[in-house]
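Notes to accompany the following structure.
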Amino acid sequence: MIDAVSRLGVSTPWVLWLLPLALVPLVASSQRVTPVPAIAAAPSDGASRIVGCMLRTSGIFAIAGLVLALAGPYRHGETVTRIGIGAQVSILVDRSGSMNETFAGRQPSGEEESKAAASRRILGDFVGSRAHDLFAVTAFSTAPMLVVPMTDRHEAVRAAIAAIDRPGLDYTNVARGLAMGLSQFGVQGASISRALLLVSDGAAVIDPRVQGALRAEFARIRPNLYWLFLRTKGSAGIADKPTGEDTPQAAPERHLDLFFKSLGTPYRAFEAEGPQAVADAIAQIERLERDPIPYTEQRPRRDLSGFAYGLSLLGLLALVAAKLAEADFRRGRARALSPPATEAPQRRLAA
Amino acid sequence: MSALHPIARNLRDRRFQGLAAASVLVAATFLARPLPLTRDGLEVLAVLDITGSMNVRDYVSAEGRPTSRLETAKAALRDLVAAMPCGSRMALGLFTERRPFLLFTPIEVCGDFAPLDGALASLDWRMAWEGDSRVSAGLFRSVEMAASLGTDLVFVTDGQEAPPLPIGREPAFEGKPGAVRGLIVGAGAYGLSPIPRFDDRGRETGFYGAGDVQQENRFGPPPADAEGREGYNPRNAPFGSGAATGTEHLSSVREPYLKSLADRTGLAYAHLDGPSGLLDPLRAVATPRALPGSLDIRPFLGAAALLLLLAAFAEPRLGVLRLGLPRPGARPFFTLKKV
């Protein structure tokens, strides 16, 4: 009950200052004032008292109802938490300059699609394909950039993904990007399925000093890690061993893959060499991330002014009926010399 | 007159007519549908300068603490988002080096308020990818970006070019002035303040000194007054022999420069006075975007009904309003008020 009352509100509170006007019916009446020679001419009786009381109440209802309605009463919207199927997905997008080339490593021309445009199209379809997924978007090049925090507003996430085929920046600093991508998960319970989706077309050496900190973060949050590697034709793949020395500098992709494998969290790498492969990988991720997730549903606020108008209308109709039934005592007597004594308790009363 | 039936007489009573009209008006609220209207909304691309000079703390927060230009600008943008009419949309970009970087295309400011506000709140100078601050180049490209998105532009900067521009040679704006409407917002106080300096792990280590920054741009031909400088030699020392001196290591809002940029690009200029107040200057110059809206007409019906109702109650007390039927001989000598 208290909860129900606390959820009521009005949109223009100052109008409520007019509420004292509702007391006007206590001091004035809408009924006609009939002069009579002596108050004893109208002896007090119960029926008249009840009718008078009702008329006064009707006036109060009519005025108070209108003032309330003008103030715009409403009941607050509420947030309901339910359980759906989905996951928290933190999308980490490489915005380095090479993402604007095609999978063949050229500037896109004609019908060709750049890697960024392909991932924009396919990720855009992914976001919103299931109603209860939560998404966060982080971009990284030289520095990581928080684009959109974890949210269920898929329009906003799509707007962030729509920006990823804009000209990119210089380098690929994947370590700081990973750290920010992980920080997007927040501190909610560990029961939720969490996925970190890294979309990049290259890799970089992760500073050994940062590796320890990243490992600790991965161990704490334990996300499912997906690496969508947009491989340019002819460049080194994830599994390719370099011909020379096998160092992180010589084969950053391979060593990033090794690092991910050593984290102890569920990890899958998808090597995509074309838009179709990207779409297949996304479809696979979608199938894998099927766990219950609590989501919030916003119930809109409800306009209550109709009730206030209804209250006012009740009062008004009673007043109108009373006004219609009113008869002038003196005139009535002038017309027909003997007015029936029972004719109008109401009019005498409300005078 | 006296031959009239009481009900017919009552029907002619002004107070009855007022009450009946009020009832009709209130009853009409149940049938009234909102009128479809178009309202003026906004669509803007906000580009925020996150270069080093934006870390200068020359604003004062509500609690009286010094606050950086970046924090104040963020607060002002968040305030702007909250103040924009529902249905308006905002895209967000960052500026550093010489170009803007688009974080997201326009997002609706009411339904998607939480992610938009969260994104604004988490803007940080650490997102910068390079240290240069070519304000004019960044502004010109932001104008292009706003044109490609079809939005207006809000460009928040302090106007400090780093490194400084060559004297007398400012880059030309190649677009059509006025094609994109919007606002350049000058952030910073008018007096000079030191610029905080950070180490490579992002910790503040002090302030920039006079020798830490480039005080004069010595690329390209020397300025016209170079001949008068000490030690001038056309071949060996075209800029004179002395070290450049200046106040480039200190920062204030470069208002004349920003105003000249605004003139060249056809944008308006406004100074950022605090963590709010961007809506009015933006509204003054922005392209109005028609948004579907609706007008609830019930309050008008309700207000008219309330006036009629009060008039019906007050009529006997306000003699001037007594418009009822003439009552010959109805001279009240006693009023029966209450039983």
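The way I read the labels, and the way they are meant: chains A, B, ... in the order of the structure tokens, residue 1 as the first residue of every chain, and ligand 1 as the first ligand shown, with later ones counted on from there.
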
### Task
Would you mind listing what lies within 8 Å of stretch 267-279 of chain A as a ChimeraX atom specification, with only C-alpha atoms counted and same-chain residues fewer than 4 positions away left out?
/A:103,115,118-119,122,224-233,237-238,257,260-261,283

Please save N, CA and C atoms of the selected residues as a CSV table (one decimal), in the first residue's frame.
```
chain,number,residue,atom,x,y,z
A,103,PHE,N,39.6,-7.6,-47.3
A,103,PHE,CA,40.3,-8.9,-46.9
A,103,PHE,C,41.5,-9.2,-47.8
A,115,LYS,N,37.2,-4.6,-44.3
A,115,LYS,CA,37.0,-5.5,-43.1
A,115,LYS,C,36.1,-4.8,-42.1
A,118,ALA,N,32.5,-4.9,-43.3
A,118,ALA,CA,31.9,-6.3,-43.1
A,118,ALA,C,31.6,-6.5,-41.7
A,119,SER,N,32.5,-6.2,-40.8
A,119,SER,CA,32.2,-6.5,-39.4
A,119,SER,C,31.1,-5.6,-38.9
A,122,ILE,N,27.8,-7.3,-40.1
A,122,ILE,CA,27.5,-8.5,-39.4
A,122,ILE,C,27.3,-8.4,-37.9
A,224,ASN,N,33.9,-15.9,-21.4
A,224,ASN,CA,34.2,-16.8,-22.5
A,224,ASN,C,34.9,-15.8,-23.6
A,225,LEU,N,36.0,-16.2,-24.0
A,225,LEU,CA,36.8,-15.3,-24.9
A,225,LEU,C,36.6,-15.8,-26.4
A,226,TYR,N,36.2,-14.9,-27.2
A,226,TYR,CA,36.2,-15.2,-28.7
A,226,TYR,C,37.0,-14.2,-29.4
A,227,TRP,N,37.9,-14.7,-30.2
A,227,TRP,CA,38.7,-13.8,-31.0
A,227,TRP,C,38.3,-14.0,-32.5
A,228,LEU,N,37.7,-13.0,-33.0
A,228,LEU,CA,37.4,-13.0,-34.5
A,228,LEU,C,38.5,-12.4,-35.2
A,229,PHE,N,39.3,-13.2,-35.8
A,229,PHE,CA,40.5,-12.7,-36.5
A,229,PHE,C,40.2,-12.5,-37.9
A,230,LEU,N,40.2,-11.2,-38.4
A,230,LEU,CA,39.9,-10.9,-39.8
A,230,LEU,C,41.2,-11.0,-40.5
A,231,ARG,N,41.5,-12.1,-41.1
A,231,ARG,CA,42.8,-12.3,-41.7
A,231,ARG,C,42.8,-11.8,-43.1
A,232,THR,N,43.8,-11.0,-43.4
A,232,THR,CA,44.0,-10.5,-44.7
A,232,THR,C,44.7,-11.6,-45.5
A,233,LYS,N,44.3,-11.7,-46.8
A,233,LYS,CA,44.9,-12.8,-47.6
A,233,LYS,C,46.4,-12.7,-47.7
A,237,GLY,N,48.6,-16.4,-40.4
A,237,GLY,CA,47.4,-16.8,-39.6
A,237,GLY,C,47.7,-17.0,-38.2
A,238,ILE,N,46.7,-17.5,-37.4
A,238,ILE,CA,46.9,-17.7,-36.0
A,238,ILE,C,47.9,-18.8,-35.7
A,257,ASP,N,47.5,-15.8,-29.6
A,257,ASP,CA,46.6,-17.0,-29.5
A,257,ASP,C,47.2,-17.9,-28.3
A,260,PHE,N,46.1,-16.4,-25.0
A,260,PHE,CA,44.7,-16.6,-24.7
A,260,PHE,C,44.5,-18.0,-24.3
A,261,LYS,N,45.2,-19.0,-24.9
A,261,LYS,CA,45.0,-20.4,-24.6
A,261,LYS,C,45.5,-20.7,-23.2
A,283,ALA,N,27.4,-16.5,-36.0
A,283,ALA,CA,26.3,-17.4,-35.7
A,283,ALA,C,26.7,-18.5,-34.7
```

### Query
If you count only C-alpha atoms, which residues fall within 9 Å of stretch 292-294 of chain A, apart from same-chain ones fewer than 5 positions away, as a VMD selection string?
chain A and resid 81 to 88 132 to 133 191 to 193

Go ahead and save the picked residues with N, CA and C atoms, as an mmCIF file, in the first residue's frame.
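The resulting file, result.cif, is shown below:
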```cif
data_model
loop_
_atom_site.group_PDB
_atom_site.id
_atom_site.type_symbol
_atom_site.label_atom_id
_atom_site.label_comp_id
_atom_site.auth_asym_id
_atom_site.auth_seq_id
_atom_site.Cartn_x
_atom_site.Cartn_y
_atom_site.Cartn_z
ATOM 1 N N THR A 81 12.537 -7.052 -12.998
ATOM 2 C CA THR A 81 13.647 -7.903 -13.399
ATOM 3 C C THR A 81 13.122 -9.289 -13.708
ATOM 4 N N ARG A 82 13.473 -9.791 -14.872
ATOM 5 C CA ARG A 82 13.045 -11.130 -15.269
ATOM 6 C C ARG A 82 14.255 -11.900 -15.757
ATOM 7 N N ILE A 83 14.021 -13.147 -16.052
ATOM 8 C CA ILE A 83 15.104 -13.987 -16.547
ATOM 9 C C ILE A 83 14.845 -14.309 -18.013
ATOM 10 N N GLY A 84 15.824 -14.062 -18.835
ATOM 11 C CA GLY A 84 15.708 -14.406 -20.247
ATOM 12 C C GLY A 84 16.919 -15.213 -20.669
ATOM 13 N N ILE A 85 17.039 -15.416 -21.968
ATOM 14 C CA ILE A 85 18.188 -16.152 -22.476
ATOM 15 C C ILE A 85 19.082 -15.152 -23.182
ATOM 16 N N GLY A 86 20.343 -15.137 -22.792
ATOM 17 C CA GLY A 86 21.258 -14.204 -23.430
ATOM 18 C C GLY A 86 22.572 -14.174 -22.693
ATOM 19 N N ALA A 87 23.350 -13.169 -22.974
ATOM 20 C CA ALA A 87 24.664 -13.067 -22.357
ATOM 21 C C ALA A 87 25.068 -11.610 -22.287
ATOM 22 N N GLN A 88 26.043 -11.337 -21.427
ATOM 23 C CA GLN A 88 26.700 -10.038 -21.442
ATOM 24 C C GLN A 88 27.849 -10.141 -22.434
ATOM 25 N N HIS A 132 17.436 -10.114 -25.113
ATOM 26 C CA HIS A 132 17.890 -9.899 -23.744
ATOM 27 C C HIS A 132 19.403 -9.872 -23.586
ATOM 28 N N ASP A 133 20.132 -9.820 -24.688
ATOM 29 C CA ASP A 133 21.582 -9.684 -24.578
ATOM 30 C C ASP A 133 21.932 -8.280 -24.096
ATOM 31 N N SER A 191 27.042 -15.632 -12.084
ATOM 32 C CA SER A 191 26.184 -16.645 -12.704
ATOM 33 C C SER A 191 25.846 -16.297 -14.149
ATOM 34 N N ILE A 192 26.039 -15.020 -14.515
ATOM 35 C CA ILE A 192 25.659 -14.578 -15.852
ATOM 36 C C ILE A 192 26.718 -15.032 -16.848
ATOM 37 N N SER A 193 26.261 -15.424 -18.014
ATOM 38 C CA SER A 193 27.182 -15.792 -19.078
ATOM 39 C C SER A 193 27.837 -14.521 -19.633
#
```

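Each of A:Asp201, A:Glu326, A:Asp3, A:Glu245 was checked against chain B using only C-alpha atoms; the smallest atom-to-atom distance is that of A:Glu326.
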
### Task
Write out as a ChimeraX atom specification which residues come within 8 Å of stretch 69-80 of chain B when counting only C-alpha atoms, dropping same-chain ones fewer than 4 positions away.
/B:48-50,54-59,84,117,120-121,123,125,156,187-188,272,274-279

If you keep C-alpha atoms, can you produce a file of those selected residues as a PDB file, in the first residue's frame?
```pdb
ATOM      1  CA  LEU B  48      35.200  17.017 -27.501  1.00  0.00           C
ATOM      2  CA  ASP B  49      38.825  18.090 -27.446  1.00  0.00           C
ATOM      3  CA  ILE B  50      40.735  15.675 -25.169  1.00  0.00           C
ATOM      4  CA  MET B  54      41.996  20.428 -21.621  1.00  0.00           C
ATOM      5  CA  ASN B  55      43.370  19.075 -18.331  1.00  0.00           C
ATOM      6  CA  VAL B  56      44.006  22.616 -17.107  1.00  0.00           C
ATOM      7  CA  ARG B  57      42.035  23.164 -13.933  1.00  0.00           C
ATOM      8  CA  ASP B  58      40.664  26.651 -14.387  1.00  0.00           C
ATOM      9  CA  TYR B  59      37.019  26.023 -13.590  1.00  0.00           C
ATOM     10  CA  MET B  84      17.442  18.284 -25.203  1.00  0.00           C
ATOM     11  CA  ASP B 117      25.223   9.471 -20.473  1.00  0.00           C
ATOM     12  CA  LEU B 120      29.942  10.884 -21.887  1.00  0.00           C
ATOM     13  CA  ALA B 121      30.827  10.206 -18.262  1.00  0.00           C
ATOM     14  CA  LEU B 123      35.398  10.196 -21.613  1.00  0.00           C
ATOM     15  CA  TRP B 125      42.090  12.312 -21.820  1.00  0.00           C
ATOM     16  CA  VAL B 156      34.282  21.912 -27.552  1.00  0.00           C
ATOM     17  CA  ALA B 187      36.488  26.020 -22.792  1.00  0.00           C
ATOM     18  CA  GLY B 188      38.778  27.614 -20.261  1.00  0.00           C
ATOM     19  CA  LEU B 272      31.676  27.558 -21.744  1.00  0.00           C
ATOM     20  CA  GLY B 274      30.267  26.266 -16.377  1.00  0.00           C
ATOM     21  CA  PRO B 275      28.895  22.744 -16.341  1.00  0.00           C
ATOM     22  CA  SER B 276      25.615  23.720 -18.044  1.00  0.00           C
ATOM     23  CA  GLY B 277      24.004  26.246 -20.320  1.00  0.00           C
ATOM     24  CA  LEU B 278      24.846  24.899 -23.779  1.00  0.00           C
ATOM     25  CA  LEU B 279      21.268  24.365 -24.884  1.00  0.00           C
TER      26      LEU B 279
END
```

Could you give me, as CSV, a per-residue list for chain A showing, wherever an atom lies at most 7 Å from an atom of chain B, the closest pair of atoms and their distance in Å to one decimal, using only C-alpha atoms and sorting by chain then residue number from low to high?
```
residue,atom,partner,partner_atom,distance
A:Ala28,CA,B:Phe313,CA,6.0
A:Ser29,CA,B:Phe313,CA,5.5
A:Ser30,CA,B:Phe313,CA,4.7
A:Val33,CA,B:Thr335,CA,6.7
A:Thr34,CA,B:Thr335,CA,6.5
A:Pro35,CA,B:Thr335,CA,5.0
A:Val36,CA,B:Phe334,CA,5.9
A:Pro37,CA,B:Phe334,CA,6.3
A:Ile39,CA,B:Leu336,CA,6.5
A:Ser44,CA,B:Val339,CA,5.9
A:Ile63,CA,B:Leu306,CA,6.6
A:Leu66,CA,B:Gly302,CA,6.1
A:Leu70,CA,B:Pro299,CA,5.5
A:Thr142,CA,B:Trp129,CA,5.4
A:Ala143,CA,B:Met127,CA,5.4
A:Pro144,CA,B:Met127,CA,5.9
A:Met145,CA,B:Met127,CA,5.3
A:Leu146,CA,B:Ser122,CA,6.8
A:Val147,CA,B:Leu103,CA,5.6
A:Val148,CA,B:Ala119,CA,5.2
A:Pro149,CA,B:Pro115,CA,5.9
A:Thr151,CA,B:Pro115,CA,6.2
A:Arg153,CA,B:Asp112,CA,6.1
A:Ala156,CA,B:Ile107,CA,5.7
A:Ala159,CA,B:Thr105,CA,4.9
A:Ala160,CA,B:Phe104,CA,4.0
A:Ala162,CA,B:Thr105,CA,6.4
A:Ala163,CA,B:Phe104,CA,5.1
A:Tyr309,CA,B:Val26,CA,6.4
A:Leu313,CA,B:Ser23,CA,6.1
A:Leu316,CA,B:Ser23,CA,5.8
A:Leu317,CA,B:Ser23,CA,6.6
A:Val320,CA,B:Leu19,CA,6.0
A:Lys323,CA,B:Phe16,CA,5.9
A:Leu324,CA,B:Asn10,CA,5.7
A:Ala325,CA,B:Ile7,CA,6.8
A:Glu326,CA,B:Asn10,CA,7.0
A:Ala327,CA,B:Pro6,CA,5.7
A:Arg331,CA,B:Ser2,CA,6.8
A:Arg335,CA,B:Ser2,CA,6.3
A:Leu349,CA,B:Val339,CA,6.7
A:Ala351,CA,B:Lys337,CA,6.3
```

### Message
List as an MDAnalysis selection string the protein and nucleic acid residues near stretch 14-20 of chain A, meaning an atom at most 10 Å away when only C-alpha atoms are counted, but skip any in the same chain fewer than 3 places from it.
### Response
chainID A and resid 10:11 23:24 60 63:72

### Query
Neighbours of stretch 238-255 of chain B within 10 Å (only C-alpha atoms; same-chain residues fewer than 4 positions away dropped), as a PyMOL selection string?
chain B and resi 53-54+56+58+69+157-164+185-196+207-219+221-234+259-261+269-272

### Task
Per DSSP on the backbone, filter stretch 204-235 of chain B down to the residues in strand (DSSP E) and report them as a list in words.
Glu204, Thr205, Gly206 and Phe207 of chain B

Store the residues picked out above, limited to N, CA and C atoms, as a PDB file, in the first residue's frame.
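And here is the file that came out, selection_7.pdb:
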```pdb
ATOM      1  N   GLU B 204      49.929  12.134 -12.589  1.00  0.00           N
ATOM      2  CA  GLU B 204      50.279  13.538 -12.726  1.00  0.00           C
ATOM      3  C   GLU B 204      51.629  13.785 -12.067  1.00  0.00           C
ATOM      4  N   THR B 205      52.498  14.478 -12.786  1.00  0.00           N
ATOM      5  CA  THR B 205      53.848  14.685 -12.249  1.00  0.00           C
ATOM      6  C   THR B 205      54.206  16.145 -12.121  1.00  0.00           C
ATOM      7  N   GLY B 206      53.326  17.041 -12.397  1.00  0.00           N
ATOM      8  CA  GLY B 206      53.663  18.454 -12.275  1.00  0.00           C
ATOM      9  C   GLY B 206      53.065  19.236 -13.421  1.00  0.00           C
ATOM     10  N   PHE B 207      53.767  20.317 -13.799  1.00  0.00           N
ATOM     11  CA  PHE B 207      53.230  21.164 -14.864  1.00  0.00           C
ATOM     12  C   PHE B 207      54.281  21.340 -15.948  1.00  0.00           C
TER      13      PHE B 207
END
```

### Task
Between atom CA of B:Leu308 and atom CA of A:Asp303, measure the distance and give it in Å to one decimal.
24.7 Å

### Task
Apply DSSP to the structure's backbone, then extract all residues of stretch 42-281 of chain B labelled helix (DSSP H, G or I) and return them as a VMD selection string.
chain B and resid 52 to 55 69 to 83 113 to 121 125 to 127 135 to 149 224 to 228 255 to 265 279 to 281
